[in-house]
$ cat data33.txt   # compact mmCIF, C-alpha atoms and all ligand atoms
# COMPACT_ATOMS: atom_id res chain seq x y z
CA MET I 822 12.94 -24.30 78.12
CA ALA I 823 12.58 -20.77 79.48
CA MET I 824 9.46 -20.03 81.47
CA HIS I 825 6.96 -17.84 79.61
CA ARG I 826 5.57 -14.80 81.43
CA HIS I 827 2.24 -13.77 79.90
CA ASP I 828 0.85 -10.30 80.17
CA VAL I 829 -2.29 -11.75 81.80
CA LEU I 830 -2.55 -15.38 82.89
CA VAL I 831 -6.01 -16.82 83.56
CA ILE I 832 -6.29 -19.99 85.66
CA GLY I 833 -9.36 -22.06 84.77
CA ALA I 834 -11.35 -21.98 81.51
CA GLY I 835 -14.90 -22.44 82.74
CA ASN I 836 -17.53 -19.75 82.19
CA GLY I 837 -15.49 -17.06 83.94
CA GLY I 838 -11.95 -17.86 82.80
CA LEU I 839 -12.80 -18.44 79.14
CA ALA I 840 -14.95 -15.31 78.91
CA THR I 841 -12.17 -13.28 80.59
CA ALA I 842 -9.46 -14.59 78.26
CA ALA I 843 -11.62 -13.90 75.19
CA ARG I 844 -12.52 -10.43 76.46
CA LEU I 845 -8.85 -9.61 77.10
CA VAL I 846 -8.02 -10.52 73.50
CA ARG I 847 -10.89 -8.38 72.21
CA ARG I 848 -9.63 -5.49 74.32
CA GLY I 849 -6.25 -5.73 72.62
CA CYS I 850 -4.21 -7.64 75.21
CA LEU I 851 -1.49 -9.24 73.10
CA ASP I 852 -0.30 -12.03 75.38
CA VAL I 853 -2.98 -13.97 77.24
CA GLY I 854 -2.26 -17.37 78.80
CA LEU I 855 -4.94 -19.82 79.94
CA VAL I 856 -4.35 -22.79 82.27
CA GLU I 857 -7.03 -25.50 82.03
CA PRO I 858 -6.70 -29.30 82.08
CA SER I 859 -10.19 -30.21 80.85
CA PRO I 860 -10.73 -30.83 77.11
CA ARG I 861 -14.50 -30.37 77.62
CA HIS I 862 -16.43 -27.21 78.42
CA VAL I 863 -19.85 -27.61 80.07
CA TYR I 864 -22.70 -25.06 80.07
CA LYS I 865 -23.90 -25.92 83.57
CA PRO I 866 -27.27 -24.12 83.60
CA LEU I 867 -28.57 -26.70 81.10
CA GLN I 868 -27.88 -29.53 83.57
CA ASN I 869 -31.12 -28.68 85.39
CA TYR I 870 -33.01 -29.19 82.12
CA VAL I 871 -31.15 -32.34 81.03
CA GLY I 872 -31.72 -33.88 84.48
CA LEU I 873 -35.47 -33.25 84.12
CA GLY I 874 -35.75 -34.56 80.57
CA LEU I 875 -36.20 -31.08 79.06
CA ALA I 876 -32.91 -30.88 77.13
CA HIS I 877 -30.59 -33.37 75.48
CA ALA I 878 -27.20 -34.23 77.00
CA ARG I 879 -25.46 -33.37 73.72
CA GLU I 880 -26.47 -29.71 74.19
CA LEU I 881 -24.45 -29.52 77.43
CA SER I 882 -20.85 -29.40 76.32
CA ARG I 883 -18.40 -28.50 73.56
CA PRO I 884 -14.72 -29.30 73.06
CA GLN I 885 -12.63 -26.66 74.80
CA ALA I 886 -10.40 -26.56 71.70
CA HIS I 887 -13.32 -25.11 69.68
CA LEU I 888 -13.76 -22.31 72.21
CA VAL I 889 -10.30 -21.09 73.24
CA PRO I 890 -9.45 -18.15 70.96
CA ASP I 891 -6.50 -18.72 68.58
CA GLU I 892 -4.67 -15.75 70.11
CA VAL I 893 -4.67 -17.34 73.59
CA ALA I 894 -1.88 -19.70 74.70
CA TRP I 895 -3.64 -22.67 76.27
CA HIS I 896 -1.63 -24.65 78.86
CA ARG I 897 -3.47 -27.98 79.10
CA ARG I 898 -2.51 -28.83 82.68
CA ALA I 899 -3.90 -28.11 86.15
CA ALA I 900 -2.20 -25.48 88.26
CA VAL I 901 -0.92 -26.89 91.54
CA ARG I 902 0.62 -23.74 93.00
CA ILE I 903 0.51 -20.03 92.32
CA ASP I 904 3.31 -18.04 93.92
CA PRO I 905 1.40 -14.92 95.01
CA ARG I 906 4.44 -12.62 94.86
CA SER I 907 6.19 -13.69 91.65
CA ARG I 908 2.93 -14.92 90.04
CA VAL I 909 4.82 -17.98 88.82
CA VAL I 910 2.35 -20.84 88.44
CA THR I 911 3.50 -24.44 88.77
CA LEU I 912 1.55 -26.91 86.66
CA GLU I 913 0.90 -30.56 87.51
CA ASP I 914 3.73 -31.78 85.24
CA GLY I 915 6.22 -29.52 87.06
CA SER I 916 6.43 -26.94 84.28
CA GLU I 917 6.04 -23.26 85.10
CA VAL I 918 4.29 -20.32 83.52
CA ALA I 919 3.75 -16.82 84.87
CA GLY I 920 1.60 -13.73 84.48
CA ALA I 921 2.17 -10.04 85.11
CA ASP I 922 -1.43 -10.23 86.36
CA VAL I 923 -3.11 -13.50 87.30
CA VAL I 924 -6.89 -14.04 87.25
CA VAL I 925 -7.96 -17.04 89.34
CA ALA I 926 -11.13 -18.64 87.92
CA THR I 927 -10.85 -22.21 89.19
CA GLY I 928 -14.55 -22.56 90.10
CA ALA I 929 -15.97 -24.61 92.94
CA ARG I 930 -15.79 -28.40 93.02
CA ILE I 931 -18.33 -30.90 94.31
CA ASP I 932 -17.07 -32.52 97.51
CA TRP I 933 -19.21 -35.62 98.11
CA ASP I 934 -16.88 -36.73 100.93
CA ALA I 935 -18.26 -33.85 103.01
CA LEU I 936 -21.64 -35.63 103.26
CA PRO I 937 -21.31 -39.13 104.79
CA GLY I 938 -23.12 -41.77 102.76
CA ALA I 939 -23.75 -39.49 99.75
CA ALA I 940 -21.40 -41.22 97.31
CA ALA I 941 -22.87 -44.66 98.12
CA ALA I 942 -26.45 -43.33 97.91
CA LEU I 943 -25.68 -41.84 94.48
CA ARG I 944 -24.31 -45.17 93.30
CA ARG I 945 -27.46 -46.96 94.49
CA GLY I 946 -29.71 -44.33 92.89
CA LEU I 947 -31.42 -43.32 96.14
CA ALA I 948 -29.71 -39.96 95.86
CA VAL I 949 -29.66 -38.04 92.58
CA THR I 950 -28.66 -34.55 91.50
CA THR I 951 -28.79 -32.27 88.50
CA PHE I 952 -25.62 -30.61 89.80
CA ASP I 953 -23.27 -33.44 88.76
CA ASP I 954 -23.27 -33.92 85.00
CA ALA I 955 -22.16 -37.54 85.42
CA VAL I 956 -25.52 -38.59 86.90
CA LEU I 957 -28.04 -36.61 84.86
CA GLU I 958 -29.51 -39.57 83.01
CA ARG I 959 -30.01 -41.47 86.26
CA THR I 960 -31.55 -38.37 87.86
CA TRP I 961 -34.18 -38.05 85.13
CA GLN I 962 -34.88 -41.78 85.18
CA ARG I 963 -35.47 -41.82 88.96
CA ILE I 964 -37.67 -38.69 88.91
CA ARG I 965 -39.60 -39.91 85.86
CA ASP I 966 -40.32 -43.30 87.40
CA LEU I 967 -41.25 -42.25 90.94
CA ARG I 968 -44.91 -42.93 91.69
CA ARG I 969 -45.28 -42.66 95.49
CA GLY I 970 -43.38 -42.17 98.75
CA ALA I 971 -41.21 -39.43 100.20
CA ALA I 972 -39.07 -37.21 97.97
CA VAL I 973 -36.68 -34.79 99.68
CA PHE I 974 -34.92 -31.97 97.80
CA THR I 975 -32.12 -30.01 99.46
CA LEU I 976 -30.90 -26.45 99.39
CA HIS I 977 -28.10 -25.07 101.51
CA ALA I 978 -26.13 -21.91 102.21
CA GLN I 979 -22.94 -21.03 100.32
CA PRO I 980 -20.65 -22.39 99.06
CA ALA I 981 -22.46 -23.81 96.02
CA SER I 982 -22.46 -23.12 92.29
CA GLY I 983 -25.75 -21.72 90.99
CA ARG I 984 -27.19 -22.46 94.45
CA GLU I 985 -30.67 -21.01 94.00
CA THR I 986 -31.24 -22.95 90.79
CA ALA I 987 -31.60 -26.07 92.99
CA MET I 988 -35.24 -24.91 93.12
CA LYS I 989 -35.52 -25.81 89.42
CA PRO I 990 -35.32 -29.62 89.75
CA LEU I 991 -37.76 -29.46 92.68
CA LEU I 992 -40.47 -27.48 90.89
CA LEU I 993 -39.90 -29.18 87.54
CA ALA I 994 -40.16 -32.61 89.19
CA CYS I 995 -43.44 -31.57 90.85
CA ASP I 996 -44.68 -30.35 87.47
CA HIS I 997 -43.83 -33.72 85.93
CA TRP I 998 -45.52 -35.65 88.77
CA ARG I 999 -48.59 -33.42 88.49
CA ARG I 1000 -48.89 -34.15 84.78
CA GLU I 1001 -48.47 -37.87 85.47
CA GLY I 1002 -51.25 -37.69 88.08
CA VAL I 1003 -49.01 -38.93 90.92
CA LEU I 1004 -48.11 -35.71 92.74
CA ASP I 1005 -50.70 -36.32 95.48
CA ALA I 1006 -49.13 -39.71 96.23
CA ILE I 1007 -45.66 -38.23 96.72
CA ASP I 1008 -44.75 -36.44 99.94
CA VAL I 1009 -42.40 -33.75 98.58
CA SER I 1010 -40.35 -31.65 100.94
CA LEU I 1011 -37.62 -29.05 100.63
CA VAL I 1012 -34.92 -29.17 103.30
CA HIS I 1013 -32.92 -25.96 103.65
CA ASP I 1014 -30.28 -25.28 106.30
CA GLU I 1015 -30.96 -21.54 106.50
CA PRO I 1016 -33.68 -19.88 108.61
CA VAL I 1017 -35.22 -18.09 105.61
CA LEU I 1018 -36.05 -19.48 102.20
CA HIS I 1019 -34.62 -16.46 100.37
CA PRO I 1020 -33.38 -13.14 101.78
CA VAL I 1021 -35.10 -11.06 99.07
CA PRO I 1022 -38.81 -10.88 100.09
CA GLU I 1023 -40.16 -10.70 96.51
CA ILE I 1024 -38.20 -13.81 95.50
CA GLU I 1025 -39.22 -15.67 98.65
CA ALA I 1026 -42.91 -14.81 98.00
CA GLU I 1027 -42.78 -16.04 94.41
CA TRP I 1028 -41.01 -19.28 95.35
CA ARG I 1029 -43.54 -19.89 98.14
CA ARG I 1030 -46.45 -19.37 95.75
CA HIS I 1031 -45.20 -22.25 93.61
CA LEU I 1032 -44.20 -24.45 96.53
CA VAL I 1033 -47.68 -24.10 98.07
CA ALA I 1034 -49.35 -24.84 94.72
CA ALA I 1035 -47.27 -28.03 94.41
CA GLY I 1036 -47.94 -29.04 98.02
CA VAL I 1037 -44.24 -28.99 98.96
CA ARG I 1038 -43.45 -28.93 102.69
CA VAL I 1039 -40.71 -26.38 103.40
CA ARG I 1040 -38.41 -27.30 106.28
CA LEU I 1041 -36.07 -24.45 107.15
CA ALA I 1042 -33.08 -24.53 109.54
CA THR I 1043 -32.82 -28.24 108.75
CA ARG I 1044 -29.60 -29.80 107.55
CA VAL I 1045 -28.94 -33.15 105.86
CA VAL I 1046 -25.96 -34.60 107.76
CA GLY I 1047 -25.78 -38.09 106.30
CA ILE I 1048 -27.46 -40.93 104.42
CA GLU I 1049 -27.64 -44.50 105.74
CA GLY I 1050 -29.37 -47.16 103.65
CA ASP I 1051 -32.77 -45.70 102.66
CA GLU I 1052 -32.68 -43.16 105.45
CA VAL I 1053 -31.64 -39.55 105.40
CA LEU I 1054 -30.20 -38.14 108.64
CA LEU I 1055 -31.46 -34.66 109.46
CA GLU I 1056 -30.38 -32.16 112.08
CA THR I 1057 -32.47 -29.29 113.46
CA ALA I 1058 -32.13 -27.03 116.50
CA SER I 1059 -34.31 -29.49 118.42
CA GLY I 1060 -32.18 -32.54 117.61
CA ALA I 1061 -31.45 -35.24 115.07
CA THR I 1062 -33.98 -37.38 113.18
CA ARG I 1063 -33.84 -40.02 110.48
CA GLU I 1064 -36.43 -40.50 107.76
CA ARG I 1065 -36.99 -43.12 105.11
CA VAL I 1066 -37.07 -41.61 101.61
CA GLU I 1067 -37.69 -42.99 98.15
CA LEU I 1068 -35.80 -40.17 96.45
CA LEU I 1069 -33.26 -37.62 97.67
CA HIS I 1070 -32.25 -34.80 95.32
CA LEU I 1071 -29.07 -33.18 96.63
CA LEU I 1072 -27.56 -29.79 96.16
CA PRO I 1073 -24.04 -31.18 96.67
CA PRO I 1074 -21.53 -29.89 99.21
CA TYR I 1075 -18.96 -27.69 97.45
CA ALA I 1076 -15.32 -26.81 98.15
CA ALA I 1077 -12.72 -24.56 96.54
CA ALA I 1078 -10.07 -25.90 94.16
CA GLU I 1079 -7.15 -27.10 96.26
CA VAL I 1080 -4.68 -24.82 94.48
CA VAL I 1081 -6.22 -21.74 96.15
CA ALA I 1082 -5.42 -22.66 99.76
CA ALA I 1083 -2.20 -24.44 98.70
CA SER I 1084 -1.04 -21.06 97.35
CA GLY I 1085 -2.18 -19.09 100.39
CA LEU I 1086 -4.77 -17.19 98.33
CA ASP I 1087 -7.64 -17.92 100.70
CA GLY I 1088 -8.23 -15.84 103.81
CA PRO I 1089 -9.93 -15.82 107.20
CA GLY I 1090 -13.51 -17.07 106.80
CA THR I 1091 -13.28 -17.70 103.05
CA ARG I 1092 -13.35 -21.51 103.50
CA GLY I 1093 -10.57 -22.01 100.97
CA PHE I 1094 -11.95 -19.62 98.32
CA VAL I 1095 -10.00 -16.68 96.92
CA ASP I 1096 -9.91 -13.74 99.33
CA VAL I 1097 -10.87 -10.86 97.05
CA ASP I 1098 -12.20 -7.40 97.71
CA PRO I 1099 -15.83 -8.08 96.67
CA GLU I 1100 -16.09 -4.67 94.98
CA THR I 1101 -12.90 -4.64 92.92
CA LEU I 1102 -12.31 -8.42 92.56
CA ARG I 1103 -8.68 -7.77 93.48
CA HIS I 1104 -6.96 -10.06 95.99
CA ARG I 1105 -6.89 -8.38 99.39
CA ALA I 1106 -3.18 -9.03 99.96
CA HIS I 1107 -1.74 -9.49 96.47
CA PRO I 1108 -2.72 -6.60 94.18
CA ARG I 1109 -1.81 -8.30 90.90
CA ILE I 1110 -3.92 -11.35 91.64
CA TRP I 1111 -7.65 -11.23 90.87
CA GLY I 1112 -10.46 -13.67 91.60
CA ILE I 1113 -13.79 -14.18 89.84
CA GLY I 1114 -16.75 -16.53 89.67
CA ASP I 1115 -17.31 -19.59 91.81
CA ALA I 1116 -13.65 -19.55 92.93
CA ALA I 1117 -13.95 -16.20 94.67
CA HIS I 1118 -15.39 -15.45 98.11
CA LEU I 1119 -18.30 -13.36 96.77
CA GLY I 1120 -21.36 -14.62 98.66
CA ASP I 1121 -24.27 -15.58 96.43
CA ALA I 1122 -22.63 -14.19 93.30
CA ARG I 1123 -21.70 -17.70 92.13
CA THR I 1124 -23.70 -17.61 88.90
CA GLY I 1125 -23.09 -17.16 85.21
CA GLY I 1126 -25.24 -14.03 85.41
CA ALA I 1127 -22.87 -12.60 88.03
CA LEU I 1128 -19.92 -13.52 85.84
CA ARG I 1129 -21.22 -11.45 82.94
CA ARG I 1130 -20.54 -8.41 85.15
CA GLN I 1131 -17.41 -9.72 86.84
CA THR I 1132 -15.52 -10.62 83.67
CA ARG I 1133 -16.10 -7.15 82.25
CA ILE I 1134 -15.02 -5.52 85.53
CA VAL I 1135 -11.90 -7.63 86.07
CA VAL I 1136 -10.63 -6.93 82.54
CA GLU I 1137 -11.26 -3.23 83.04
CA ASN I 1138 -9.67 -3.24 86.52
CA VAL I 1139 -6.47 -4.92 85.35
CA ARG I 1140 -6.11 -2.04 82.88
CA ARG I 1141 -7.08 0.64 85.41
CA ALA I 1142 -4.72 -0.71 88.08
CA ARG I 1143 -1.85 -0.52 85.60
CA ALA I 1144 -2.82 3.01 84.58
CA GLY I 1145 -3.14 4.10 88.22
CA GLU I 1146 -6.85 4.92 87.73
CA PRO I 1147 -9.60 4.32 90.31
CA LEU I 1148 -10.97 0.79 90.01
CA GLU I 1149 -14.47 -0.03 88.82
CA ARG I 1150 -16.83 -1.37 91.51
CA TYR I 1151 -18.91 -4.55 91.38
CA ASP I 1152 -22.23 -4.30 93.17
CA GLY I 1153 -22.65 -8.05 93.77
CA TYR I 1154 -25.20 -8.39 90.94
CA THR I 1155 -26.43 -11.97 90.55
CA VAL I 1156 -29.39 -13.93 89.21
CA ALA I 1157 -31.80 -16.57 90.54
CA PRO I 1158 -33.54 -18.12 87.51
CA VAL I 1159 -36.05 -20.74 88.69
CA ALA I 1160 -38.24 -22.73 86.30
CA THR I 1161 -41.54 -23.21 88.05
CA GLY I 1162 -43.29 -25.69 85.73
CA GLY I 1163 -45.78 -25.24 82.92
CA GLY I 1164 -43.06 -23.69 80.75
CA ARG I 1165 -42.62 -20.68 83.05
CA LEU I 1166 -39.63 -19.27 84.87
CA SER I 1167 -39.01 -16.67 87.56
CA PHE I 1168 -36.00 -14.63 86.40
CA ALA I 1169 -34.91 -12.71 89.49
CA GLU I 1170 -31.90 -10.38 89.51
CA TYR I 1171 -30.57 -8.77 92.70
CA ASP I 1172 -27.42 -7.26 94.16
CA ARG I 1173 -25.32 -7.38 97.34
CA SER I 1174 -27.71 -5.03 99.15
CA LEU I 1175 -30.55 -7.48 98.33
CA ALA I 1176 -32.22 -4.89 96.09
CA LEU I 1177 -33.97 -6.29 93.01
CA ARG I 1178 -32.34 -5.31 89.72
CA ARG I 1179 -33.63 -5.30 86.15
CA THR I 1180 -31.29 -5.65 83.21
CA LEU I 1181 -33.41 -7.41 80.58
CA PRO I 1182 -34.26 -5.15 77.66
CA VAL I 1183 -37.97 -5.87 78.26
CA ARG I 1184 -39.51 -3.32 80.57
CA ALA I 1185 -43.19 -4.18 80.69
CA ARG I 1186 -43.22 -7.26 82.85
CA ASP I 1187 -42.32 -8.13 86.43
CA GLU I 1188 -39.27 -10.43 86.12
CA VAL I 1189 -39.72 -12.21 89.43
CA ARG I 1190 -43.24 -13.34 88.55
CA ALA I 1191 -42.86 -16.60 86.59
CA HIS I 1192 -43.57 -16.14 82.90
CA ARG I 1193 -43.22 -18.08 79.68
CA ALA I 1194 -40.96 -15.42 78.15
CA TRP I 1195 -38.34 -15.92 80.90
CA TYR I 1196 -38.46 -19.69 80.42
CA LEU I 1197 -37.79 -19.32 76.70
CA LEU I 1198 -34.96 -16.93 77.48
CA ASP I 1199 -33.33 -19.29 80.00
CA ARG I 1200 -33.90 -22.55 78.16
CA HIS I 1201 -33.35 -21.46 74.56
CA VAL I 1202 -31.84 -17.96 74.19
CA LEU I 1203 -29.17 -17.93 76.92
CA PRO I 1204 -27.50 -21.21 75.80
CA ARG I 1205 -27.02 -19.70 72.33
CA LEU I 1206 -25.82 -16.43 73.78
CA TYR I 1207 -23.39 -18.41 75.94
CA TRP I 1208 -21.73 -20.34 73.12
CA HIS I 1209 -21.73 -17.50 70.58
CA GLY I 1210 -21.35 -14.42 72.77
CA ILE I 1211 -20.46 -14.89 76.44
CA VAL I 1212 -17.50 -17.26 76.19
CA ARG I 1213 -16.30 -15.41 73.09
CA GLY I 1214 -15.98 -12.27 75.21
CA ARG I 1215 -18.74 -10.52 73.26
CA ALA I 1216 -21.64 -10.41 75.77
C1 LIG N 1 -26.45 -27.34 87.92
C2 LIG N 1 -26.07 -25.90 87.80
C3 LIG N 1 -27.00 -25.02 87.29
C4 LIG N 1 -26.68 -23.66 87.18
N1 LIG N 1 -27.61 -22.82 86.66
C5 LIG N 1 -27.30 -21.52 86.48
C6 LIG N 1 -28.24 -20.64 85.86
O1 LIG N 1 -29.33 -21.03 85.48
N2 LIG N 1 -27.87 -19.33 85.70
C7 LIG N 1 -26.65 -18.87 86.10
O2 LIG N 1 -26.36 -17.68 85.93
N3 LIG N 1 -25.74 -19.69 86.70
C8 LIG N 1 -26.04 -20.99 86.89
N4 LIG N 1 -25.12 -21.85 87.46
C9 LIG N 1 -23.86 -21.31 87.94
C10 LIG N 1 -22.82 -21.14 86.84
O3 LIG N 1 -22.82 -22.24 85.98
C11 LIG N 1 -21.46 -21.01 87.54
O4 LIG N 1 -21.52 -19.91 88.42
C12 LIG N 1 -20.35 -20.81 86.53
O5 LIG N 1 -20.21 -21.93 85.69
C13 LIG N 1 -19.05 -20.56 87.27
O6 LIG N 1 -18.02 -20.37 86.34
P1 LIG N 1 -16.51 -20.40 86.83
O7 LIG N 1 -15.70 -20.08 85.63
O8 LIG N 1 -16.36 -19.59 88.05
O9 LIG N 1 -16.29 -21.90 87.29
P2 LIG N 1 -16.38 -23.21 86.38
O10 LIG N 1 -17.31 -22.99 85.25
O11 LIG N 1 -16.63 -24.32 87.33
O12 LIG N 1 -14.93 -23.35 85.77
C14 LIG N 1 -13.80 -23.59 86.54
C15 LIG N 1 -12.73 -24.16 85.63
O13 LIG N 1 -11.50 -24.18 86.33
C16 LIG N 1 -10.85 -25.39 86.02
N5 LIG N 1 -9.93 -25.69 87.11
C17 LIG N 1 -10.22 -26.12 88.35
N6 LIG N 1 -9.10 -26.28 89.07
C18 LIG N 1 -8.08 -25.92 88.25
C19 LIG N 1 -6.67 -25.89 88.42
N7 LIG N 1 -6.10 -26.28 89.54
N8 LIG N 1 -5.92 -25.49 87.37
C20 LIG N 1 -6.49 -25.11 86.20
N9 LIG N 1 -7.82 -25.13 85.99
C21 LIG N 1 -8.61 -25.54 87.01
C22 LIG N 1 -11.97 -26.41 85.86
O14 LIG N 1 -11.55 -27.53 85.09
C23 LIG N 1 -13.03 -25.57 85.19
O15 LIG N 1 -12.97 -25.66 83.78
C24 LIG N 1 -25.41 -23.20 87.58
C25 LIG N 1 -24.48 -24.10 88.10
C26 LIG N 1 -24.79 -25.44 88.21
C27 LIG N 1 -23.79 -26.41 88.76
$ encode --input "data33.txt" --output "structure tokens"
Amino acid sequence: MAMHRHDVLVIGAGNGGLATAARLVRRGCLDVGLVEPSPRHVYKPLQNYVGLGLAHARELSRPQAHLVPDEVAWHRRAAVRIDPRSRVVTLEDGSEVAGADVVVATGARIDWDALPGAAAALRRGLAVTTFDDAVLERTWQRIRDLRRGAAVFTLHAQPASGRETAMKPLLLACDHWRREGVLDAIDVSLVHDEPVLHPVPEIEAEWRRHLVAAGVRVRLATRVVGIEGDEVLLETASGATRERVELLHLLPPYAAAEVVAASGLDGPGTRGFVDVDPETLRHRAHPRIWGIGDAAHLGDARTGGALRRQTRIVVENVRRARAGEPLERYDGYTVAPVATGGGRLSFAEYDRSLALRRTLPVRARDEVRAHRAWYLLDRHVLPRLYWHGIVRGRA
């Protein structure tokens, strides 16, 4: 059978790829291809609520077949190689498909092998995480049942998907333990491998306010390097230590999809992620290849909030590049929504220059300061907007 060359071929149908494909159709692109092996589409932000008993697992996912627009040709296989010059993409069954332009949206994958002992600790239930949808029930069970001892939560520098939202399980767990009357009996600490908690001072101050109120010890420049039995191995500038813990909540190590480096689409210092110009989202060496979302080397802009901007810009830039017009610029806009307990949430928005941004159509209130309205938005409004607007290319 002859290989089909689509006008635009999108690789990956997560938040970014699906929204891009749908947006292309809405903008009148007549031949959009989508490469995605998974029959299930997950709305990841809800994982932090399911893993803390605040949402039901059935709210998390929908069949991909209900979401891919009829006008889009869905190739239900993984891409194993993208030829950067011809833009011919080889799929796992050996078949080929191509795009005049190719948008790489293959996300970031959890790489438990990068943390010695993590996979075994997850199996035993010592380690838990809201970041892996396969262990959410266990995560809630372990947090719900903890009554005393040491609980360590981790945060780390990029790469990670929705990195800053790892503060949600920490503060929501403290909220639960406070309501159960056991918080004082649990020694809760946050271990973060960076020297500052957050680079935006207003966000850092708000996070600290809640961490202090919950009695959480913050240990910066401290890295979890392994787990042995009930002990977590920590590394700081002054040396290595090991500590016994009752519960370890991990922000997992992340890696790029293998297809990126296998196709030579990574670059120096991108750690296997797509080497794009962070302003135009265009590949630095291959002008008809584009990268968005968690797959792209875009710093902290690995969030759904960031993707709402990126998908609009990449669709526009494919058109502008073809028309020879100047490309639209992405300012690195991203979000850091952190539920702080008591039905409140800090909804911070900032850009590459670390300046706070405000895009919500509500002007009166400080967004960084935790408020009930932001919790309702994050927990109840955004999931609906996601299924009915964002992945349909409408929001
Ligand atoms: C626990 C958690 C909570 C989060 N909370 C928030 C939040 O509150 N707010 C927020 O804005 N963001 C949040 N995020 C981040 C947000 O969910 C991600 O940034 C977003 O899902 C990234 O979308 P993506 O399309 O880049 O990648 P993904 O959604 O991961 O999609 C990538 C897709 O590519 C496919 N794929 C991979 N390899 C291949 C291949 N070789 N061939 C074809 N297809 C492939 C995968 O199957 C997948 O469907 C959170 C993330 C997590 C994990």
$ residues_near_ligand --input "data33.txt" --ligand "ligand LIG 1 (chain N)" --cutoff "6 Å" --atoms "only C-alpha atoms and all ligand atoms" --output "NGL selection string"
:I and (832-838 or 856-859 or 865-866 or 868-869 or 899-901 or 926-929 or 951-952 or 982-983 or 986 or 1078 or 1080 or 1114-1116 or 1123-1126 or 1156 or 1158)
$ closest_residue --input "data33.txt" --among "I:Leu845, I:Leu1068, I:Ala1034, I:Leu855" --to "Thr1161 of chain I" --atoms "all atoms listed in the file"
I:Ala1034
$ closest_residue --input "data33.txt" --among "I:Pro1073, I:Pro1016, I:Gly1060, I:Gly1112" --to "Ala1042 of chain I" --atoms "only C-alpha atoms"
I:Pro1016
$ residues_near_point --input "data33.txt" --point "(-26.8, -39.6, 85.1)" --cutoff "10 Å" --atoms "all atoms listed in the file" --output "MDAnalysis selection string"
chainID I and resid 871:872 878 943 946 949:951 953:963
$ closest_residue --input "data33.txt" --among "I:Arg1092, I:His825, I:Arg1179, I:Arg968" --to "Asp1005 of chain I" --atoms "only C-alpha atoms"
I:Arg968
$ atom_distance --input "data33.txt" --atom1 "atom CA of Val829 of chain I" --atom2 "atom CA of Thr1180 of chain I"
29.7 Å
$ residues_around --input "data33.txt" --residues "Ala940 of chain I" --least-positions-apart "4" --cutoff "12 Å" --atoms "all atoms listed in the file" --output "list in words"
Ile931, Asp932, Trp933, Asp934, Ala935, Leu936, Arg944, Arg945, Gly946, Leu947, Ala948, Val949, Thr950, Asp953, Val956, Gly1047, Ile1048, Glu1049, Gly1050, Leu1071, Pro1073 and Pro1074 of chain I
$ closest_residue --input "data33.txt" --among "I:His887, I:Arg908, I:Arg1000, I:Lys989" --to "Trp1111 of chain I" --atoms "only C-alpha atoms"
I:Arg908
$ residues_around --input "data33.txt" --residues "Val1012 of chain I" --least-positions-apart "5" --cutoff "7 Å" --atoms "all atoms listed in the file" --output "PyMOL selection string"
chain I and resi 973-976+1039-1041+1043-1044
$ write_last_selection --input "data33.txt" --atoms "C-alpha atoms" --output "CSV table (one decimal), keeping the file's coordinate frame"
chain,number,residue,atom,x,y,z
I,973,VAL,CA,-36.7,-34.8,99.7
I,974,PHE,CA,-34.9,-32.0,97.8
I,975,THR,CA,-32.1,-30.0,99.5
I,976,LEU,CA,-30.9,-26.4,99.4
I,1039,VAL,CA,-40.7,-26.4,103.4
I,1040,ARG,CA,-38.4,-27.3,106.3
I,1041,LEU,CA,-36.1,-24.4,107.2
I,1043,THR,CA,-32.8,-28.2,108.8
I,1044,ARG,CA,-29.6,-29.8,107.6
$ atom_distance --input "data33.txt" --atom1 "atom CA of Glu1100 of chain I" --atom2 "atom CA of His977 of chain I"
24.6 Å
$ residues_around --input "data33.txt" --residues "Val1183 of chain I" --least-positions-apart "4" --cutoff "12 Å" --atoms "all atoms listed in the file" --output "list of chain:residue names"
I:Arg1179, I:Asp1187, I:Glu1188, I:Ala1194, I:Trp1195, I:Leu1198
$ closest_residue --input "data33.txt" --among "I:Ala921, I:Val831, I:Leu1203, I:Leu912" --to "Val889 of chain I" --atoms "all atoms listed in the file"
I:Val831
$ residues_around --input "data33.txt" --residues "segment 1102-1109 of chain I" --least-positions-apart "3" --cutoff "10 Å" --atoms "all atoms listed in the file" --output "number ranges by chain"
I: 829, 905-908, 920-925, 1086-1088, 1095-1099, 1112-1114, 1117-1119, 1131-1132, 1134-1135, 1138-1139, 1142-1143, 1148-1151
$ residues_near_point --input "data33.txt" --point "(-39.3, -37.2, 81.6)" --cutoff "8 Å" --atoms "all atoms listed in the file" --output "list in words"
Leu873, Gly874, Leu875, Trp961, Gln962, Ile964, Arg965 and His997 of chain I
$ atom_distance --input "data33.txt" --atom1 "atom CA of Val1189 of chain I" --atom2 "atom CA of Glu1001 of chain I"
27.4 Å
$ residues_around --input "data33.txt" --residues "Arg1065 of chain I" --least-positions-apart "6" --cutoff "8 Å" --atoms "only C-alpha atoms" --output "PyMOL selection string"
chain I and resi 971+1051-1053
$ closest_residue --input "data33.txt" --among "I:Leu1032, I:Val863, I:Ala842, I:Ala876" --to "Arg1200 of chain I" --atoms "all atoms listed in the file"
I:Ala876
